[in-house]
>>> print(open('model39.tsv').read())   # TSV, C-alpha atoms
chain	number	residue	atom	x	y	z
A	1	MET	CA	-6.63	46.12	7.23
A	2	LYS	CA	-5.93	48.89	4.79
A	3	PRO	CA	-2.57	49.71	3.24
A	4	PRO	CA	-0.70	52.85	4.24
A	5	PRO	CA	-1.00	55.69	1.70
A	6	PHE	CA	1.06	55.34	-1.48
A	7	ALA	CA	1.16	56.93	-4.94
A	8	TYR	CA	0.25	54.64	-7.83
A	9	HIS	CA	2.00	54.81	-11.21
A	10	ASP	CA	1.08	52.80	-14.30
A	11	PRO	CA	3.79	53.21	-16.93
A	12	ARG	CA	3.24	51.78	-20.44
A	13	THR	CA	6.87	50.90	-21.18
A	14	LEU	CA	9.69	49.18	-19.31
A	15	ASP	CA	11.93	52.24	-19.71
A	16	GLU	CA	9.29	54.44	-18.07
A	17	ALA	CA	8.96	51.97	-15.22
A	18	ILE	CA	12.72	51.89	-14.65
A	19	ALA	CA	12.88	55.71	-14.78
A	20	LEU	CA	10.10	55.92	-12.16
A	21	LEU	CA	11.81	53.38	-9.90
A	22	ALA	CA	15.13	55.22	-10.29
A	23	GLY	CA	13.68	58.68	-9.71
A	24	LEU	CA	11.13	58.15	-6.94
A	25	PRO	CA	12.09	57.60	-3.31
A	26	ASN	CA	11.01	54.32	-1.69
A	27	ALA	CA	9.31	52.97	-4.84
A	28	ARG	CA	8.47	49.30	-5.40
A	29	PRO	CA	7.30	47.51	-8.52
A	30	LEU	CA	3.90	45.80	-8.51
A	31	ALA	CA	3.43	42.60	-10.53
A	32	GLY	CA	0.43	40.32	-9.89
A	33	GLY	CA	-0.06	41.69	-6.39
A	34	GLN	CA	-0.73	38.31	-4.77
A	35	SER	CA	2.03	38.89	-2.22
A	36	MET	CA	2.51	42.65	-2.41
A	37	MET	CA	-1.10	43.57	-1.69
A	38	PRO	CA	-1.35	41.42	1.48
A	39	MET	CA	2.07	42.77	2.51
A	40	LEU	CA	0.70	46.30	2.12
A	41	ASN	CA	-2.53	45.50	3.91
A	42	MET	CA	-0.64	43.95	6.82
A	43	ARG	CA	1.75	46.91	6.66
A	44	PHE	CA	4.77	44.65	6.35
A	45	ALA	CA	5.62	46.75	3.27
A	46	GLN	CA	5.29	50.53	3.32
A	47	PRO	CA	6.40	51.90	-0.05
A	48	ASP	CA	5.67	55.54	-0.91
A	49	HIS	CA	5.25	54.70	-4.60
A	50	LEU	CA	3.99	51.60	-6.40
A	51	VAL	CA	5.02	51.20	-10.03
A	52	ASP	CA	2.52	48.87	-11.69
A	53	LEU	CA	4.08	46.65	-14.37
A	54	ASN	CA	0.76	45.26	-15.63
A	55	ARG	CA	0.30	47.69	-18.55
A	56	ILE	CA	3.73	47.01	-20.02
A	57	THR	CA	3.36	44.65	-22.98
A	58	GLY	CA	5.88	42.01	-23.96
A	59	LEU	CA	6.89	40.91	-20.47
A	60	GLU	CA	4.58	37.88	-20.41
A	61	THR	CA	6.02	35.90	-23.32
A	62	VAL	CA	7.08	32.24	-23.25
A	63	GLU	CA	9.68	31.30	-25.85
A	64	VAL	CA	11.82	28.29	-26.64
A	65	GLU	CA	15.22	29.41	-27.94
A	66	PRO	CA	17.13	27.44	-30.61
A	67	ASP	CA	19.29	25.68	-27.98
A	68	GLY	CA	16.15	24.58	-26.12
A	69	THR	CA	16.37	27.22	-23.39
A	70	LEU	CA	12.92	28.09	-22.06
A	71	ALA	CA	12.69	31.87	-21.71
A	72	ILE	CA	9.74	33.06	-19.61
A	73	GLY	CA	8.78	36.71	-19.24
A	74	ALA	CA	8.57	37.88	-15.64
A	75	MET	CA	4.94	38.97	-15.99
A	76	ALA	CA	3.75	35.58	-17.30
A	77	ARG	CA	0.80	34.54	-15.14
A	78	GLN	CA	1.24	31.40	-13.08
A	79	ARG	CA	-1.98	29.96	-14.44
A	80	ASP	CA	-0.88	30.53	-18.06
A	81	LEU	CA	2.42	28.75	-17.37
A	82	GLU	CA	0.59	25.88	-15.72
A	83	ARG	CA	-1.28	25.28	-19.01
A	84	HIS	CA	1.48	26.19	-21.47
A	85	PRO	CA	2.64	23.30	-23.71
A	86	ALA	CA	6.20	24.69	-23.95
A	87	VAL	CA	6.46	24.73	-20.15
A	88	ALA	CA	5.06	21.19	-19.94
A	89	ARG	CA	7.81	20.04	-22.34
A	90	GLY	CA	10.68	22.23	-21.15
A	91	CYS	CA	10.08	22.22	-17.39
A	92	PRO	CA	7.45	19.66	-16.35
A	93	MET	CA	8.53	20.18	-12.74
A	94	MET	CA	7.20	23.73	-12.93
A	95	VAL	CA	3.75	22.52	-13.96
A	96	GLU	CA	3.74	20.09	-11.04
A	97	ALA	CA	4.84	22.88	-8.69
A	98	LEU	CA	2.34	25.42	-10.01
A	99	GLY	CA	-0.58	23.17	-9.06
A	100	GLN	CA	0.46	23.84	-5.47
A	101	VAL	CA	1.03	27.60	-5.76
A	102	GLY	CA	-1.80	29.27	-3.88
A	103	HIS	CA	-5.13	28.66	-5.57
A	104	ARG	CA	-6.37	28.83	-9.15
A	105	GLN	CA	-7.80	32.28	-8.48
A	106	THR	CA	-4.50	33.64	-7.17
A	107	ARG	CA	-2.59	31.95	-10.02
A	108	ASN	CA	-4.71	33.83	-12.55
A	109	ARG	CA	-3.09	37.04	-11.30
A	110	GLY	CA	0.17	35.90	-9.72
A	111	THR	CA	3.28	36.07	-11.93
A	112	ILE	CA	6.47	34.05	-12.03
A	113	GLY	CA	8.57	37.20	-11.66
A	114	GLY	CA	6.57	38.37	-8.66
A	115	SER	CA	7.07	35.06	-6.91
A	116	LEU	CA	10.81	34.97	-7.66
A	117	CYS	CA	11.27	38.53	-6.35
A	118	HIS	CA	9.12	37.98	-3.26
A	119	LEU	CA	11.42	35.01	-2.58
A	120	ASP	CA	9.49	33.43	0.25
A	121	PRO	CA	11.71	30.65	1.64
A	122	ALA	CA	8.92	28.08	1.21
A	123	ALA	CA	7.58	29.26	-2.16
A	124	GLU	CA	7.39	26.81	-5.04
A	125	LEU	CA	8.66	28.81	-8.02
A	126	PRO	CA	11.97	29.94	-6.47
A	127	LEU	CA	12.59	26.29	-5.64
A	128	VAL	CA	11.95	25.25	-9.25
A	129	ALA	CA	14.34	28.00	-10.40
A	130	ALA	CA	17.03	26.79	-8.00
A	131	ALA	CA	16.61	23.17	-9.04
A	132	SER	CA	16.64	24.06	-12.76
A	133	ASP	CA	19.88	26.08	-12.78
A	134	ALA	CA	17.79	29.08	-13.87
A	135	VAL	CA	19.27	32.38	-14.98
A	136	VAL	CA	17.38	35.60	-14.25
A	137	VAL	CA	17.41	38.68	-16.47
A	138	ALA	CA	17.18	42.10	-14.81
A	139	ALA	CA	16.73	45.45	-16.55
A	140	GLY	CA	17.85	48.76	-15.07
A	141	PRO	CA	19.04	52.23	-16.09
A	142	LYS	CA	22.34	50.72	-17.30
A	143	GLY	CA	20.67	48.08	-19.47
A	144	ARG	CA	20.13	44.36	-19.00
A	145	ARG	CA	22.19	41.87	-17.06
A	146	GLU	CA	21.90	38.19	-16.30
A	147	ALA	CA	22.57	36.43	-13.01
A	148	THR	CA	22.36	32.82	-11.93
A	149	PHE	CA	19.42	32.18	-9.63
A	150	ALA	CA	21.89	31.12	-6.93
A	151	ASP	CA	23.42	34.63	-7.02
A	152	PHE	CA	20.00	36.29	-7.31
A	153	ALA	CA	18.64	34.60	-4.17
A	154	ARG	CA	20.78	36.59	-1.74
A	155	GLY	CA	19.01	35.89	1.52
A	156	PHE	CA	15.70	35.68	3.34
A	157	MET	CA	13.17	37.37	1.01
A	158	THR	CA	16.04	39.39	-0.48
A	159	PRO	CA	16.41	39.23	-4.25
A	160	GLY	CA	19.64	40.51	-5.80
A	161	LEU	CA	18.10	43.51	-7.51
A	162	ASP	CA	18.93	47.20	-7.16
A	163	PRO	CA	15.95	49.42	-6.25
A	164	ASP	CA	15.84	50.71	-9.85
A	165	GLU	CA	16.02	47.26	-11.45
A	166	VAL	CA	13.13	45.12	-12.67
A	167	LEU	CA	13.23	41.38	-13.17
A	168	VAL	CA	12.16	40.92	-16.80
A	169	ALA	CA	12.68	37.23	-17.55
A	170	VAL	CA	13.85	33.89	-16.25
A	171	ARG	CA	15.72	31.47	-18.50
A	172	LEU	CA	15.70	27.74	-17.86
A	173	PRO	CA	18.33	25.67	-19.68
A	174	ALA	CA	17.00	22.79	-21.80
A	175	LEU	CA	16.39	19.54	-19.94
A	176	PRO	CA	18.86	16.82	-20.97
A	177	ALA	CA	17.37	13.87	-22.89
A	178	GLY	CA	15.53	11.37	-20.74
A	179	ALA	CA	15.52	13.57	-17.63
A	180	GLY	CA	12.94	12.66	-14.98
A	181	CYS	CA	11.65	15.39	-12.67
A	182	CYS	CA	9.54	15.53	-9.54
A	183	PHE	CA	8.23	18.29	-7.32
A	184	LEU	CA	6.74	17.35	-3.94
A	185	GLU	CA	5.72	19.36	-0.95
A	186	PHE	CA	4.08	18.93	2.40
A	187	ALA	CA	1.69	21.57	3.68
A	188	ARG	CA	-1.08	21.24	6.26
A	189	ARG	CA	-3.70	22.48	3.80
A	190	HIS	CA	-3.99	22.77	0.04
A	191	GLY	CA	-2.59	26.10	-1.14
A	192	ASP	CA	-0.64	26.89	2.03
A	193	PHE	CA	3.06	27.60	1.83
A	194	ALA	CA	4.95	24.33	2.12
A	195	ILE	CA	6.51	23.33	5.42
A	196	VAL	CA	9.09	21.54	3.27
A	197	ALA	CA	9.20	21.18	-0.52
A	198	VAL	CA	11.62	19.27	-2.71
A	199	ALA	CA	12.47	19.53	-6.41
A	200	VAL	CA	14.45	16.79	-8.14
A	201	THR	CA	15.79	16.24	-11.66
A	202	LEU	CA	17.54	12.97	-12.53
A	203	VAL	CA	19.34	12.61	-15.86
A	204	PRO	CA	20.14	9.09	-17.09
A	205	ASP	CA	23.25	7.97	-18.99
A	206	ALA	CA	23.22	5.48	-21.86
A	207	ALA	CA	23.39	2.54	-19.43
A	208	GLY	CA	20.37	3.78	-17.44
A	209	ARG	CA	22.48	4.89	-14.47
A	210	ILE	CA	22.18	8.40	-13.05
A	211	ALA	CA	24.50	10.74	-14.93
A	212	LEU	CA	23.41	13.87	-13.10
A	213	ALA	CA	21.13	14.77	-10.22
A	214	ARG	CA	19.83	18.22	-9.33
A	215	ILE	CA	18.20	18.43	-5.91
A	216	ALA	CA	16.82	21.46	-4.11
A	217	LEU	CA	14.87	21.90	-0.89
A	218	GLY	CA	12.47	24.68	0.05
A	219	GLY	CA	11.26	25.67	3.50
A	220	VAL	CA	14.52	24.52	5.07
A	221	GLY	CA	16.85	27.50	4.62
A	222	PRO	CA	16.33	31.25	4.12
A	223	VAL	CA	16.55	30.62	0.34
A	224	PRO	CA	16.07	27.43	-1.69
A	225	LEU	CA	18.88	25.06	-0.81
A	226	ARG	CA	20.75	22.86	-3.27
A	227	LEU	CA	22.04	19.60	-1.82
A	228	PRO	CA	25.48	19.05	-3.44
A	229	GLU	CA	26.26	16.12	-1.14
A	230	ALA	CA	23.13	14.23	-2.20
A	231	GLU	CA	23.73	15.14	-5.86
A	232	ALA	CA	27.28	13.76	-5.66
A	233	ALA	CA	26.07	10.59	-3.93
A	234	LEU	CA	23.76	9.85	-6.86
A	235	ARG	CA	26.22	10.54	-9.69
A	236	GLY	CA	26.98	7.24	-11.43
A	237	ALA	CA	24.63	5.28	-9.16
A	238	ALA	CA	22.03	2.80	-10.32
A	239	PRO	CA	18.56	4.19	-9.56
A	240	GLY	CA	17.04	2.29	-6.66
A	241	ALA	CA	16.23	2.23	-2.99
A	242	GLU	CA	19.87	1.93	-1.88
A	243	ALA	CA	21.12	5.00	-3.75
A	244	PHE	CA	18.02	7.04	-2.91
A	245	GLY	CA	18.26	6.10	0.75
A	246	GLN	CA	21.87	7.27	0.86
A	247	ALA	CA	20.98	10.54	-0.85
A	248	ALA	CA	17.99	11.13	1.45
A	249	ALA	CA	20.19	10.42	4.48
A	250	THR	CA	22.28	13.53	3.72
A	251	THR	CA	19.32	15.59	4.97
A	252	ARG	CA	20.21	14.48	8.52
A	253	HIS	CA	22.97	17.09	8.55
A	254	LEU	CA	20.61	19.94	7.70
A	255	ASP	CA	20.07	22.73	10.16
A	256	PRO	CA	16.59	23.89	9.13
A	257	LEU	CA	14.70	27.05	9.92
A	258	GLU	CA	12.72	26.94	13.11
A	259	ASP	CA	9.71	29.04	13.95
A	260	ALA	CA	7.14	29.18	16.69
A	261	LEU	CA	4.89	26.62	15.00
A	262	VAL	CA	7.31	24.27	13.22
A	263	PRO	CA	10.41	22.92	15.00
A	264	ALA	CA	13.65	22.23	13.11
A	265	TRP	CA	13.55	18.46	13.69
A	266	TYR	CA	10.19	18.23	11.95
A	267	ARG	CA	11.46	20.01	8.84
A	268	ARG	CA	14.56	17.76	8.85
A	269	HIS	CA	12.33	14.68	9.09
A	270	LEU	CA	10.10	15.89	6.25
A	271	ALA	CA	13.11	16.73	4.07
A	272	GLY	CA	14.38	13.15	4.25
A	273	VAL	CA	10.98	11.57	3.64
A	274	LEU	CA	10.04	13.88	0.75
A	275	LEU	CA	13.46	13.59	-0.90
A	276	GLY	CA	13.29	9.78	-0.84
A	277	ARG	CA	9.83	9.83	-2.42
A	278	ALA	CA	10.73	12.47	-5.01
A	279	LEU	CA	13.84	10.56	-6.11
A	280	ALA	CA	11.84	7.37	-6.62
A	281	THR	CA	9.18	9.24	-8.62
A	282	ALA	CA	11.73	11.13	-10.73
A	283	ALA	CA	13.58	7.87	-11.49
A	284	GLY	CA	10.33	6.30	-12.64
A	285	ARG	CA	9.87	9.21	-15.03
A	286	MET	CA	13.34	8.93	-16.58
A	287	GLY	CA	13.44	8.04	-20.27
A	288	ARG	CA	16.38	7.08	-22.46
A	289	ALA	CA	19.47	9.23	-22.58
B	1	MET	CA	-31.98	21.42	2.65
B	2	MET	CA	-31.32	23.88	5.45
B	3	VAL	CA	-30.89	21.03	7.92
B	4	GLU	CA	-28.52	19.23	5.54
B	5	GLY	CA	-26.53	22.43	5.08
B	6	GLN	CA	-26.23	22.81	8.84
B	7	ILE	CA	-24.96	19.25	9.12
B	8	ALA	CA	-22.41	19.76	6.32
B	9	GLY	CA	-21.21	22.99	7.90
B	10	GLY	CA	-21.13	21.32	11.29
B	11	PHE	CA	-19.03	18.53	9.82
B	12	ALA	CA	-16.52	21.09	8.47
B	13	GLN	CA	-16.31	22.70	11.88
B	14	GLY	CA	-15.78	19.32	13.50
B	15	LEU	CA	-13.10	18.45	10.94
B	16	GLY	CA	-11.30	21.68	11.79
B	17	GLY	CA	-11.38	20.82	15.48
B	18	ALA	CA	-10.23	17.25	14.81
B	19	LEU	CA	-7.29	17.96	12.49
B	20	TYR	CA	-6.48	21.66	12.12
B	21	GLU	CA	-7.70	24.32	14.50
B	22	GLU	CA	-5.57	25.03	17.53
B	23	PHE	CA	-4.84	28.11	19.61
B	24	ARG	CA	-1.20	27.81	20.55
B	25	TYR	CA	0.79	29.92	22.98
B	26	ASP	CA	4.49	30.26	23.69
B	27	GLU	CA	5.94	29.65	27.15
B	28	ARG	CA	5.25	33.26	28.13
B	29	GLY	CA	1.63	33.02	27.13
B	30	GLN	CA	1.94	34.96	23.88
B	31	PRO	CA	-0.63	33.72	21.35
B	32	LEU	CA	1.04	32.15	18.30
B	33	CYS	CA	-2.04	31.75	16.10
B	34	THR	CA	-3.21	35.31	15.62
B	35	THR	CA	-4.06	35.20	11.90
B	36	LEU	CA	-5.90	32.76	9.66
B	37	ALA	CA	-2.51	31.83	8.17
B	38	ASP	CA	-1.52	30.30	11.52
B	39	TYR	CA	-4.92	29.22	12.80
B	40	LEU	CA	-5.85	26.66	10.18
B	41	ILE	CA	-9.48	26.39	9.17
B	42	PRO	CA	-10.43	23.66	6.71
B	43	THR	CA	-11.23	24.90	3.22
B	44	ILE	CA	-13.20	23.22	0.47
B	45	ALA	CA	-10.01	21.38	-0.56
B	46	GLU	CA	-9.87	19.68	2.85
B	47	MET	CA	-13.52	18.63	2.84
B	48	PRO	CA	-14.18	15.03	1.82
B	49	PRO	CA	-17.35	14.14	-0.11
B	50	LEU	CA	-20.24	13.90	2.33
B	51	ASP	CA	-23.35	11.75	2.37
B	52	ILE	CA	-25.96	13.27	4.67
B	53	LEU	CA	-28.71	11.08	5.95
B	54	VAL	CA	-31.58	12.72	7.81
B	55	THR	CA	-33.49	9.90	9.44
B	56	GLU	CA	-35.99	11.89	11.46
B	57	ASP	CA	-38.60	14.23	10.12
B	58	ALA	CA	-40.87	14.58	13.13
B	59	PRO	CA	-42.19	18.05	13.96
B	60	SER	CA	-42.00	19.00	17.63
B	61	PRO	CA	-45.33	18.81	19.48
B	62	LEU	CA	-44.05	21.31	22.02
B	63	ASN	CA	-44.42	24.56	20.08
B	64	PRO	CA	-46.94	25.97	17.60
B	65	LEU	CA	-44.51	25.92	14.63
B	66	GLY	CA	-43.30	22.37	15.26
B	67	VAL	CA	-39.68	23.51	14.95
B	68	LYS	CA	-36.57	21.90	16.41
B	69	GLY	CA	-32.99	23.11	16.68
B	70	ALA	CA	-30.66	21.70	14.06
B	71	GLY	CA	-27.76	24.17	14.15
B	72	GLU	CA	-24.27	22.75	13.66
B	73	GLY	CA	-25.75	19.32	14.08
B	74	GLY	CA	-22.78	17.36	12.77
B	75	THR	CA	-20.01	18.93	14.80
B	76	ASN	CA	-19.62	16.87	17.94
B	77	ALA	CA	-19.36	13.42	16.44
B	78	VAL	CA	-16.61	14.32	13.96
B	79	GLY	CA	-13.80	14.72	16.47
B	80	ALA	CA	-14.69	11.47	18.19
B	81	ALA	CA	-15.04	9.57	14.92
B	82	ILE	CA	-11.72	10.78	13.49
B	83	ALA	CA	-9.89	10.25	16.78
B	84	SER	CA	-11.25	6.72	16.97
B	85	ALA	CA	-10.27	6.04	13.36
B	86	VAL	CA	-6.70	7.26	13.91
B	87	ASP	CA	-6.45	5.26	17.12
B	88	ASP	CA	-7.70	2.18	15.28
B	89	ALA	CA	-5.12	2.71	12.51
B	90	LEU	CA	-2.41	2.89	15.18
B	91	GLY	CA	-3.42	-0.44	16.67
B	92	GLY	CA	-6.19	0.62	19.05
B	93	ARG	CA	-3.84	1.39	21.92
B	94	GLY	CA	-5.68	4.49	23.11
B	95	LEU	CA	-2.84	6.81	22.07
B	96	VAL	CA	-5.07	9.63	20.83
B	97	THR	CA	-5.97	11.67	23.88
B	98	ARG	CA	-6.36	15.18	22.52
B	99	LEU	CA	-7.48	17.15	19.48
B	100	PRO	CA	-6.46	18.35	16.99
B	101	ILE	CA	-4.46	15.37	15.77
B	102	THR	CA	-1.54	16.82	13.80
B	103	PRO	CA	0.80	14.94	11.44
B	104	ARG	CA	3.59	15.58	13.95
B	105	GLU	CA	1.55	14.04	16.75
B	106	VAL	CA	0.93	10.93	14.65
B	107	LEU	CA	4.68	10.62	14.01
B	108	ARG	CA	5.27	10.81	17.75
B	109	MET	CA	2.64	8.14	18.39
B	110	LEU	CA	4.29	5.93	15.78
B	111	GLY	CA	7.52	6.29	17.73
B	112	GLU	CA	9.32	7.45	14.59
B	113	ILE	CA	10.73	10.59	16.13
B	114	GLU	CA	12.20	11.83	19.33
B	115	GLU	CA	11.59	15.49	20.10
>>> encode(input="model39.tsv", output="structure tokens")
Amino acid sequence: MKPPPFAYHDPRTLDEAIALLAGLPNARPLAGGQSMMPMLNMRFAQPDHLVDLNRITGLETVEVEPDGTLAIGAMARQRDLERHPAVARGCPMMVEALGQVGHRQTRNRGTIGGSLCHLDPAAELPLVAAASDAVVVAAGPKGRREATFADFARGFMTPGLDPDEVLVAVRLPALPAGAGCCFLEFARRHGDFAIVAVAVTLVPDAAGRIALARIALGGVGPVPLRLPEAEAALRGAAPGAEAFGQAAATTRHLDPLEDALVPAWYRRHLAGVLLGRALATAAGRMGRA
Amino acid sequence: MMVEGQIAGGFAQGLGGALYEEFRYDERGQPLCTTLADYLIPTIAEMPPLDILVTEDAPSPLNPLGVKGAGEGGTNAVGAAIASAVDDALGGRGLVTRLPITPREVLRMLGEIEE
């Protein structure tokens, strides 16, 4: 199919892009186009103006700040992040997740910011952001503001951005010493959106017990879901089958999304199985506090 | 090489029928698999390594060119072979009665879930 007619704009600076988005009716930003272009072609999206962000320089940077925060520009390509040593050190879970984002060809174009703003309930990168306590940075006519990812992910495919705002960066706080991470998903085929995905970070204390657990599930709710009950169950526990079984059992209370092809009980089943496996893998990857 | 290519392609088609491809409908008869995002076709990532063995190279005596049909030669056996393998893994109880065999179906056969 072909997209409906739209006007194309290719600003060279962020300020120009924001001015276009603020001034034009029904305008949408265009990042890597790996979701937007299919949405246009299927006519799920019908913007009158597309504001291309690809010619704006400086939005694709990856930096480690003095406190260890990993700051990633919104236009950083997924494939570049997958191979970036700072990402491998600062957020190994993201590298593991990126291997399952679409295909290498789509990752060459797809951006982290595009994926976070598209906010598909089963997408990998929003899940990593939720599990990493990420903070997003948005720029608009009134300047820049930061928001926690939990606040940003407002609802089903609904990012917390005004129409004249652009996501410019995502900031991931430094991983505590010895943290072990794991990202797992189940999809019918390689590169498909996950039916259920799980992201886990376990932080050890000096005695080798679990000081802190961060657990998030994708594909289950309209936005990535943190599991506070499972996180609390693991705090202070010795890593092992008993503690992981108890944490995984909290998924029995979930009320997952249901669609014509995947019933809720199947997602609930997968959530428990994947969480149990991810916890065991993350624990095996823990180092010393 | 053309015959081997037909067998490899036929295998992929058979694999799709055995594990992925299914036209599903809701209770009112509305088709649920109307795009290639819902109707799953195996891609190169789903294809296992193949060894193709062509044991016959006998031209047909029945036509001047000696040609025989070889199109999609591998397809039919794949569904049967995979179904038999899954059935064997589940204890050979004859539980696999239809294709495609989905992960959900295998869970049901294992008795791990109640729908």
>>> interface_residues(input="model39.tsv", of="chain B", to="chain A", cutoff="9 Å", atoms="all atoms listed in the file", output="list in words")
Tyr20, Arg24, Tyr25, Asp26, Leu32, Cys33, Ala37, Asp38, Leu40, Ile41, Pro42, Thr43, Ala45, Glu46, Thr102, Pro103, Arg104, Ile113, Glu114 and Glu115 of chain B
>>> atom_distance(input="model39.tsv", atom1="CA of Pro3 (chain A)", atom2="CA of Ser35 (chain A)")
13.0 Å
>>> axis_aligned_box(input="model39.tsv", around="region 42-61 of chain A", padding_each_side="8 Å", output="JSON")
{"center_x": 3.1, "center_y": 45.7, "center_z": -8.6, "size_x": 23.5, "size_y": 35.6, "size_z": 46.8}
>>> residues_around(input="model39.tsv", residues="region 56-72 of chain B", least_positions_apart="6", cutoff="10 Å", atoms="all atoms listed in the file", output="list of chain:residue names")
B:Met2, B:Val3, B:Glu4, B:Gly5, B:Gln6, B:Ile7, B:Ala8, B:Gly9, B:Gly10, B:Phe11, B:Ala12, B:Gln13, B:Gly14
>>> atom_distance(input="model39.tsv", atom1="CA of Gly79 (chain B)", atom2="CA of Arg28 (chain B)")
29.0 Å
>>> closest_atom_pairs(input="model39.tsv", of="region 83-119 of chain A", to="region 205-224 of chain A", cutoff="12 Å", atoms="all atoms listed in the file", output="JSON lines")
{"residue": "A:Met93", "atom": "CA", "partner": "A:Arg214", "partner_atom": "CA", "distance": 12.0}
{"residue": "A:Ala97", "atom": "CA", "partner": "A:Gly218", "partner_atom": "CA", "distance": 11.7}
{"residue": "A:Leu116", "atom": "CA", "partner": "A:Val223", "partner_atom": "CA", "distance": 10.8}
{"residue": "A:Cys117", "atom": "CA", "partner": "A:Val223", "partner_atom": "CA", "distance": 11.6}
{"residue": "A:His118", "atom": "CA", "partner": "A:Val223", "partner_atom": "CA", "distance": 11.1}
{"residue": "A:Leu119", "atom": "CA", "partner": "A:Val223", "partner_atom": "CA", "distance": 7.4}
>>> decode(input="model39.tsv", residues="region 75-80 of chain B", atoms="all heavy atoms", output="short mmCIF file (atom, residue, chain, number, x, y, z; two decimals), in the first residue's frame")
data_model
loop_
_atom_site.label_atom_id
_atom_site.label_comp_id
_atom_site.auth_asym_id
_atom_site.auth_seq_id
_atom_site.Cartn_x
_atom_site.Cartn_y
_atom_site.Cartn_z
N THR B 75 8.02 -30.97 0.07
CA THR B 75 6.99 -30.43 0.97
C THR B 75 6.25 -31.48 1.80
O THR B 75 6.16 -31.36 3.02
CB THR B 75 5.95 -29.64 0.14
OG1 THR B 75 6.65 -28.67 -0.62
CG2 THR B 75 4.94 -28.96 1.05
N ASN B 76 5.73 -32.49 1.14
CA ASN B 76 4.77 -33.36 1.82
C ASN B 76 5.32 -34.09 3.03
O ASN B 76 4.64 -34.24 4.04
CB ASN B 76 4.21 -34.40 0.83
CG ASN B 76 3.13 -33.78 -0.02
OD1 ASN B 76 2.75 -32.63 0.19
ND2 ASN B 76 2.64 -34.54 -1.00
N ALA B 77 6.58 -34.52 2.92
CA ALA B 77 7.11 -35.35 4.00
C ALA B 77 7.39 -34.54 5.27
O ALA B 77 7.42 -35.11 6.36
CB ALA B 77 8.40 -36.01 3.52
N VAL B 78 7.57 -33.23 5.13
CA VAL B 78 8.02 -32.44 6.29
C VAL B 78 7.00 -32.45 7.42
O VAL B 78 7.33 -32.67 8.58
CB VAL B 78 8.33 -30.98 5.86
CG1 VAL B 78 8.83 -30.18 7.05
CG2 VAL B 78 9.36 -30.97 4.76
N GLY B 79 5.73 -32.20 7.06
CA GLY B 79 4.69 -32.18 8.09
C GLY B 79 4.61 -33.49 8.83
O GLY B 79 4.55 -33.54 10.06
N ALA B 80 4.66 -34.58 8.06
CA ALA B 80 4.56 -35.91 8.68
C ALA B 80 5.77 -36.19 9.57
O ALA B 80 5.64 -36.70 10.68
CB ALA B 80 4.46 -36.97 7.58
#
